[in-house]
>>> print(open('start.txt').read())   # compact mmCIF, C-alpha atoms
# COMPACT_ATOMS: atom_id res chain seq x y z
CA MET C 1 93.36 98.80 127.34
CA SER C 2 90.68 99.85 129.76
CA LEU C 3 90.86 102.53 132.39
CA PRO C 4 90.19 101.62 135.99
CA MET C 5 86.91 103.03 137.30
CA ASP C 6 86.94 104.86 140.61
CA THR C 7 84.01 103.61 142.63
CA SER C 8 84.99 105.27 145.88
CA GLU C 9 82.54 108.10 145.34
CA SER C 10 78.96 107.01 145.24
CA MET C 11 76.76 108.39 142.55
CA PRO C 12 73.25 109.45 143.42
CA SER C 13 70.63 107.02 142.30
CA THR C 14 68.39 109.69 140.81
CA LEU C 15 69.53 112.76 138.93
CA ALA C 16 67.47 115.94 138.82
CA ALA C 17 66.36 116.87 135.35
CA PRO C 18 67.94 120.04 133.99
CA PRO C 19 65.67 123.04 133.57
CA PRO C 20 64.05 123.32 130.16
CA VAL C 21 65.92 125.33 127.59
CA LEU C 22 63.73 128.00 125.99
CA PRO C 23 64.55 129.89 122.83
CA ALA C 24 66.06 133.28 123.60
CA SER C 25 63.03 135.09 122.19
CA THR C 26 60.56 133.42 124.57
CA SER C 27 62.65 133.34 127.73
CA THR C 28 62.09 136.20 130.15
CA ALA C 29 63.67 137.27 133.40
CA GLU C 30 60.55 136.03 135.21
CA ASP C 31 60.95 132.59 133.61
CA VAL C 32 64.54 132.34 134.78
CA SER C 33 63.91 133.52 138.33
CA THR C 34 60.93 131.19 138.96
CA THR C 35 62.47 128.05 137.48
CA ASP C 36 64.41 125.99 139.98
CA ALA C 37 66.98 123.53 138.72
CA ALA C 38 65.71 120.93 141.19
CA SER C 39 62.10 121.21 140.05
CA PRO C 40 61.73 120.28 136.41
CA VAL C 41 58.99 121.91 134.40
CA SER C 42 57.02 119.70 132.10
CA ALA C 43 56.57 120.64 128.48
CA SER C 44 52.78 120.74 128.90
CA SER C 45 52.81 123.10 131.88
CA PRO C 46 50.30 125.95 131.47
CA ALA C 47 52.93 128.38 132.78
CA ASP C 48 55.11 127.83 129.71
CA PRO C 49 55.04 130.80 127.34
CA VAL C 50 53.45 130.10 123.99
CA PRO C 51 55.60 131.42 121.16
CA VAL C 52 53.68 133.91 119.07
CA THR C 53 53.94 133.52 115.33
CA GLU C 54 54.15 136.99 113.87
CA THR C 55 53.15 137.90 110.37
CA PRO C 56 55.95 139.02 108.06
CA GLU C 57 54.40 142.49 108.17
CA ALA C 58 54.68 142.58 111.98
CA GLN C 59 58.25 141.30 111.83
CA PHE C 60 59.25 144.10 109.44
CA TRP C 61 57.56 146.70 111.66
CA ALA C 62 59.53 145.34 114.63
CA LEU C 63 62.78 145.63 112.67
CA LEU C 64 61.89 149.17 111.61
CA LYS C 65 61.14 150.14 115.19
CA GLU C 66 64.75 149.23 115.99
CA ASN C 67 66.20 150.86 112.86
CA PRO C 68 63.82 153.25 111.07
CA SER C 69 66.51 154.17 108.52
CA ASP C 70 66.76 150.64 107.08
CA PHE C 71 65.66 151.32 103.51
CA ASP C 72 65.71 147.67 102.43
CA THR C 73 63.36 146.65 105.24
CA TRP C 74 60.99 149.47 104.30
CA VAL C 75 60.96 148.27 100.69
CA LYS C 76 60.16 144.70 101.78
CA LEU C 77 57.35 145.96 104.02
CA LEU C 78 55.88 148.02 101.18
CA GLN C 79 56.00 145.00 98.87
CA ILE C 80 54.05 142.95 101.40
CA VAL C 81 51.37 145.54 102.11
CA GLU C 82 50.86 146.26 98.41
CA GLN C 83 50.02 142.58 97.85
CA GLN C 84 47.51 142.45 100.69
CA ASP C 85 43.97 143.69 100.49
CA LYS C 86 44.34 145.87 103.60
CA THR C 87 44.13 149.48 102.53
CA PHE C 88 44.62 150.84 106.05
CA ALA C 89 47.83 148.82 106.57
CA ALA C 90 49.16 149.92 103.19
CA ARG C 91 48.41 153.58 103.91
CA GLU C 92 50.07 153.31 107.29
CA ALA C 93 53.19 151.77 105.75
CA PHE C 94 53.41 154.22 102.83
CA ASP C 95 52.82 157.23 105.09
CA ALA C 96 55.49 156.11 107.56
CA PHE C 97 57.96 155.32 104.77
CA LEU C 98 57.41 158.65 103.00
CA ASN C 99 57.71 160.47 106.31
CA GLN C 100 61.13 158.85 106.70
CA PHE C 101 62.16 159.19 103.02
CA PRO C 102 60.10 162.04 101.51
CA TYR C 103 62.41 162.59 98.52
CA CYS C 104 61.84 159.10 97.10
CA TYR C 105 59.50 160.43 94.42
CA GLY C 106 59.03 157.02 92.83
CA TYR C 107 57.31 155.80 95.99
CA TRP C 108 54.90 158.74 95.88
CA LYS C 109 53.91 157.44 92.44
CA LYS C 110 53.63 153.86 93.73
CA TYR C 111 51.44 155.10 96.56
CA ALA C 112 49.26 157.09 94.15
CA ASP C 113 48.96 154.06 91.86
CA TYR C 114 47.97 151.91 94.84
CA GLU C 115 45.34 154.44 95.92
CA GLN C 116 43.97 154.66 92.39
CA ARG C 117 43.53 150.88 92.29
CA GLN C 118 42.00 150.70 95.77
CA SER C 119 40.07 153.94 96.23
CA GLY C 120 39.94 155.78 92.94
CA ARG C 121 41.18 158.93 91.26
CA GLU C 122 40.54 161.43 94.06
CA MET C 123 42.63 159.57 96.66
CA ALA C 124 45.44 159.13 94.13
CA LYS C 125 45.28 162.84 93.32
CA GLU C 126 45.62 163.66 97.03
CA VAL C 127 48.72 161.47 97.26
CA TYR C 128 50.26 163.26 94.28
CA LYS C 129 49.52 166.63 95.89
CA ARG C 130 51.16 165.51 99.15
CA GLY C 131 54.16 164.22 97.21
CA LEU C 132 54.51 167.45 95.27
CA ALA C 133 54.30 169.44 98.50
CA ALA C 134 57.11 167.28 99.93
CA VAL C 135 59.26 167.29 96.78
CA PRO C 136 58.26 170.39 94.78
CA LEU C 137 61.40 170.31 92.64
CA SER C 138 60.87 166.78 91.36
CA ILE C 139 60.26 167.22 87.66
CA ASP C 140 59.62 163.47 87.35
CA LEU C 141 56.85 163.63 89.93
CA TRP C 142 55.31 166.67 88.24
CA LEU C 143 55.37 164.85 84.90
CA GLN C 144 53.83 161.75 86.45
CA TYR C 145 51.11 163.89 88.01
CA ALA C 146 50.40 165.62 84.68
CA THR C 147 50.26 162.23 82.93
CA PHE C 148 47.97 160.88 85.65
CA THR C 149 45.72 163.93 85.26
CA ASP C 150 45.60 163.48 81.50
CA GLN C 151 44.91 159.74 81.62
CA THR C 152 42.31 159.78 84.38
CA SER C 153 40.37 162.95 83.64
CA LYS C 154 36.84 162.31 82.42
CA ALA C 155 36.42 165.81 81.14
CA SER C 156 36.15 166.77 77.51
CA ASP C 157 39.33 167.23 75.54
CA LEU C 158 39.36 170.99 76.12
CA GLU C 159 38.67 170.67 79.85
CA LYS C 160 41.29 167.91 80.13
CA LEU C 161 43.81 170.12 78.35
CA GLU C 162 43.01 172.98 80.74
CA GLU C 163 43.41 170.67 83.77
CA VAL C 164 46.77 169.37 82.53
CA GLN C 165 47.86 172.93 81.70
CA ALA C 166 46.92 174.06 85.21
CA CYS C 167 48.93 171.16 86.64
CA SER C 168 51.93 172.10 84.49
CA ASP C 169 51.65 175.78 85.41
CA LEU C 170 51.53 174.87 89.09
CA GLY C 171 54.66 172.74 88.68
CA ILE C 172 56.54 175.51 86.89
CA ALA C 173 55.47 178.09 89.45
CA SER C 174 56.41 175.84 92.36
CA SER C 175 59.79 174.96 90.88
CA SER C 176 60.70 178.51 89.88
CA ALA C 177 59.73 179.85 93.31
CA ARG C 178 62.42 177.64 94.84
CA PHE C 179 65.27 179.16 92.80
>>> encode(input="start.txt", output="structure tokens")
Amino acid sequence: MSLPMDTSESMPSTLAAPPPVLPASTSTAEDVSTTDAASPVSASSPADPVPVTETPEAQFWALLKENPSDFDTWVKLLQIVEQQDKTFAAREAFDAFLNQFPYCYGYWKKYADYEQRQSGREMAKEVYKRGLAAVPLSIDLWLQYATFTDQTSKASDLEKLEEVQACSDLGIASSSARF
């Protein structure tokens, strides 16, 4: 059974092409207002926006700009920057993370370990000192710092013992001053 076709209305012989559909991330208000449905835009037009491929690092920073409390995104960002050979980017990420979550003592240690690998003992020591200033009651961080001091000191046994003792005394004094 076929349906009768109504031919009383004439159809135009040429149909205007619909405007191009852009992904939501590349479409802007300017694109919408300047595109006319009657004037199709070709795919090779120089006015078309070129989608920018962002690095994973940049994508995580964008997500963190929207929600700086997203711990999981911070962790993913730190994993990426630790694998790269960009010390400045890693420092920027660790500093921003630890500014947001200063009591995550394990990340102070990760940062110190990273600095030791990249820049040496003195930079790692500075990270430990910053971490201990931020979290003076963290016994784990004090122990890690004392262990770091013991393992990385190039002094003689007696001098090394004195340096570790000074570190321990500073930790005890700092912790007892808080109570």
>>> residues_near_point(input="start.txt", point="(52.1, 151.2, 115.2)", cutoff="12 Å", atoms="all atoms listed in the file", output="PDB file with C-alpha atoms, in the frame of the given file")
ATOM      1  CA  GLU C  57      54.400 142.490 108.170  1.00  0.00           C
ATOM      2  CA  ALA C  58      54.680 142.580 111.980  1.00  0.00           C
ATOM      3  CA  PHE C  60      59.250 144.100 109.440  1.00  0.00           C
ATOM      4  CA  TRP C  61      57.560 146.700 111.660  1.00  0.00           C
ATOM      5  CA  ALA C  62      59.530 145.340 114.630  1.00  0.00           C
ATOM      6  CA  LEU C  64      61.890 149.170 111.610  1.00  0.00           C
ATOM      7  CA  LYS C  65      61.140 150.140 115.190  1.00  0.00           C
ATOM      8  CA  PHE C  88      44.620 150.840 106.050  1.00  0.00           C
ATOM      9  CA  ALA C  89      47.830 148.820 106.570  1.00  0.00           C
ATOM     10  CA  GLU C  92      50.070 153.310 107.290  1.00  0.00           C
ATOM     11  CA  ALA C  93      53.190 151.770 105.750  1.00  0.00           C
ATOM     12  CA  ASP C  95      52.820 157.230 105.090  1.00  0.00           C
ATOM     13  CA  ALA C  96      55.490 156.110 107.560  1.00  0.00           C
TER      14      ALA C  96
END
>>> residues_near_point(input="start.txt", point="(53.0, 153.1, 93.2)", cutoff="12 Å", atoms="all atoms listed in the file", output="PyMOL selection string")
chain C and resi 75+78-79+81-83+90-91+94+104-118+124+127-128+131+141+144+148
>>> atom_distance(input="start.txt", atom1="CA of Leu77 in chain C", atom2="CA of Leu63 in chain C")
10.2 Å
>>> closest_residue(input="start.txt", among="C:Leu137, C:Arg121, C:Leu98, C:Asp72", to="Thr149 in chain C", atoms="all atoms listed in the file")
C:Arg121
>>> atom_distance(input="start.txt", atom1="CA of Trp74 in chain C", atom2="CA of Tyr103 in chain C")
14.4 Å
>>> closest_residue(input="start.txt", among="C:Thr55, C:Ser119, C:Gln151, C:Asn99", to="Val135 in chain C", atoms="only C-alpha atoms")
C:Asn99
>>> atom_distance(input="start.txt", atom1="CA of Asp85 in chain C", atom2="CA of Thr152 in chain C")
22.8 Å
>>> decode(input="start.txt", residues="range 36-153 of chain C", atoms="C-alpha atoms", output="short mmCIF file (atom, residue, chain, number, x, y, z; two decimals), in the first residue's frame")
data_model
loop_
_atom_site.label_atom_id
_atom_site.label_comp_id
_atom_site.auth_asym_id
_atom_site.auth_seq_id
_atom_site.Cartn_x
_atom_site.Cartn_y
_atom_site.Cartn_z
CA ASP C 36 24.06 32.96 8.47
CA ALA C 37 21.98 29.90 7.74
CA ALA C 38 21.68 30.97 4.10
CA SER C 39 25.42 31.33 3.61
CA PRO C 40 27.20 28.04 4.17
CA VAL C 41 30.74 28.11 5.46
CA SER C 42 33.19 25.76 3.86
CA ALA C 43 35.29 23.47 5.99
CA SER C 44 38.49 25.04 4.65
CA SER C 45 37.50 28.61 5.46
CA PRO C 46 40.31 30.51 7.23
CA ALA C 47 37.74 31.97 9.64
CA ASP C 48 37.05 28.54 11.13
CA PRO C 49 38.55 28.15 14.60
CA VAL C 50 41.33 25.60 14.84
CA PRO C 51 40.82 23.31 17.82
CA VAL C 52 43.78 23.49 20.16
CA THR C 53 45.12 20.20 21.43
CA GLU C 54 46.05 20.71 25.05
CA THR C 55 48.58 18.67 26.91
CA PRO C 56 47.25 16.50 29.73
CA GLU C 57 49.06 18.82 32.13
CA ALA C 58 47.17 21.85 30.76
CA GLN C 59 43.88 19.96 30.90
CA PHE C 60 44.41 19.14 34.58
CA TRP C 61 45.32 22.76 35.34
CA ALA C 62 42.09 23.85 33.64
CA LEU C 63 40.09 21.40 35.75
CA LEU C 64 41.83 22.61 38.90
CA LYS C 65 41.07 26.22 38.02
CA GLU C 66 37.39 25.26 38.12
CA ASN C 67 37.69 23.12 41.26
CA PRO C 68 40.91 23.63 43.24
CA SER C 69 39.74 21.20 45.94
CA ASP C 70 39.66 18.18 43.60
CA PHE C 71 42.29 16.00 45.27
CA ASP C 72 42.20 13.27 42.61
CA THR C 73 42.93 15.76 39.82
CA TRP C 74 45.84 17.16 41.83
CA VAL C 75 47.27 13.66 42.26
CA LYS C 76 47.01 12.99 38.51
CA LEU C 77 48.72 16.30 37.74
CA LEU C 78 51.54 15.53 40.16
CA GLN C 79 52.02 12.10 38.57
CA ILE C 80 52.37 13.71 35.15
CA VAL C 81 54.81 16.43 36.19
CA GLU C 82 56.97 13.98 38.13
CA GLN C 83 57.45 11.94 34.95
CA GLN C 84 58.43 14.95 32.85
CA ASP C 85 61.84 16.52 32.82
CA LYS C 86 60.47 20.00 33.53
CA THR C 87 61.62 21.03 36.98
CA PHE C 88 59.85 24.40 36.87
CA ALA C 89 56.49 22.79 36.00
CA ALA C 90 56.92 20.20 38.75
CA ARG C 91 57.79 22.86 41.32
CA GLU C 92 54.80 24.92 40.27
CA ALA C 93 52.48 21.93 40.62
CA PHE C 94 53.89 20.75 43.96
CA ASP C 95 53.85 24.27 45.41
CA ALA C 96 50.25 24.86 44.34
CA PHE C 97 49.15 21.44 45.62
CA LEU C 98 50.86 21.87 48.99
CA ASN C 99 49.42 25.36 49.29
CA GLN C 100 45.98 23.78 48.89
CA PHE C 101 46.70 20.67 51.01
CA PRO C 102 49.59 21.53 53.37
CA TYR C 103 48.91 18.69 55.82
CA CYS C 104 49.55 15.96 53.23
CA TYR C 105 52.98 15.21 54.68
CA GLY C 106 53.61 12.36 52.26
CA TYR C 107 53.60 14.83 49.37
CA TRP C 108 56.20 16.97 51.12
CA LYS C 109 58.39 13.86 51.08
CA LYS C 110 57.58 13.18 47.41
CA TYR C 111 58.48 16.77 46.60
CA ALA C 112 61.74 16.52 48.56
CA ASP C 113 62.59 13.24 46.80
CA TYR C 114 61.87 14.86 43.44
CA GLU C 115 64.10 17.84 44.29
CA GLN C 116 66.88 15.53 45.45
CA ARG C 117 66.79 13.68 42.12
CA GLN C 118 66.62 16.87 40.05
CA SER C 119 68.59 19.48 41.99
CA GLY C 120 70.38 17.80 44.85
CA ARG C 121 70.45 17.65 48.62
CA GLU C 122 70.16 21.37 49.41
CA MET C 123 66.91 21.87 47.46
CA ALA C 124 65.44 18.73 49.04
CA LYS C 125 66.45 19.99 52.48
CA GLU C 126 64.65 23.29 51.79
CA VAL C 127 61.48 21.40 50.85
CA TYR C 128 61.66 19.42 54.09
CA LYS C 129 62.08 22.65 56.06
CA ARG C 130 59.05 24.19 54.33
CA GLY C 131 57.05 21.04 55.02
CA LEU C 132 58.03 21.00 58.67
CA ALA C 133 57.08 24.67 58.99
CA ALA C 134 53.66 23.85 57.49
CA VAL C 135 53.12 20.65 59.49
CA PRO C 136 55.31 20.91 62.61
CA LEU C 137 53.43 18.17 64.45
CA SER C 138 53.97 15.52 61.79
CA ILE C 139 56.17 12.96 63.46
CA ASP C 140 56.36 11.02 60.18
CA LEU C 141 57.72 14.04 58.35
CA TRP C 142 60.26 14.70 61.12
CA LEU C 143 61.39 11.08 60.94
CA GLN C 144 61.67 11.24 57.16
CA TYR C 145 63.71 14.42 57.45
CA ALA C 146 66.02 12.84 60.04
CA THR C 147 66.43 9.76 57.82
CA PHE C 148 67.11 11.99 54.81
CA THR C 149 69.71 13.93 56.82
CA ASP C 150 71.38 10.71 57.93
CA GLN C 151 71.42 9.14 54.46
CA THR C 152 72.55 12.19 52.51
CA SER C 153 75.03 13.80 54.87
#
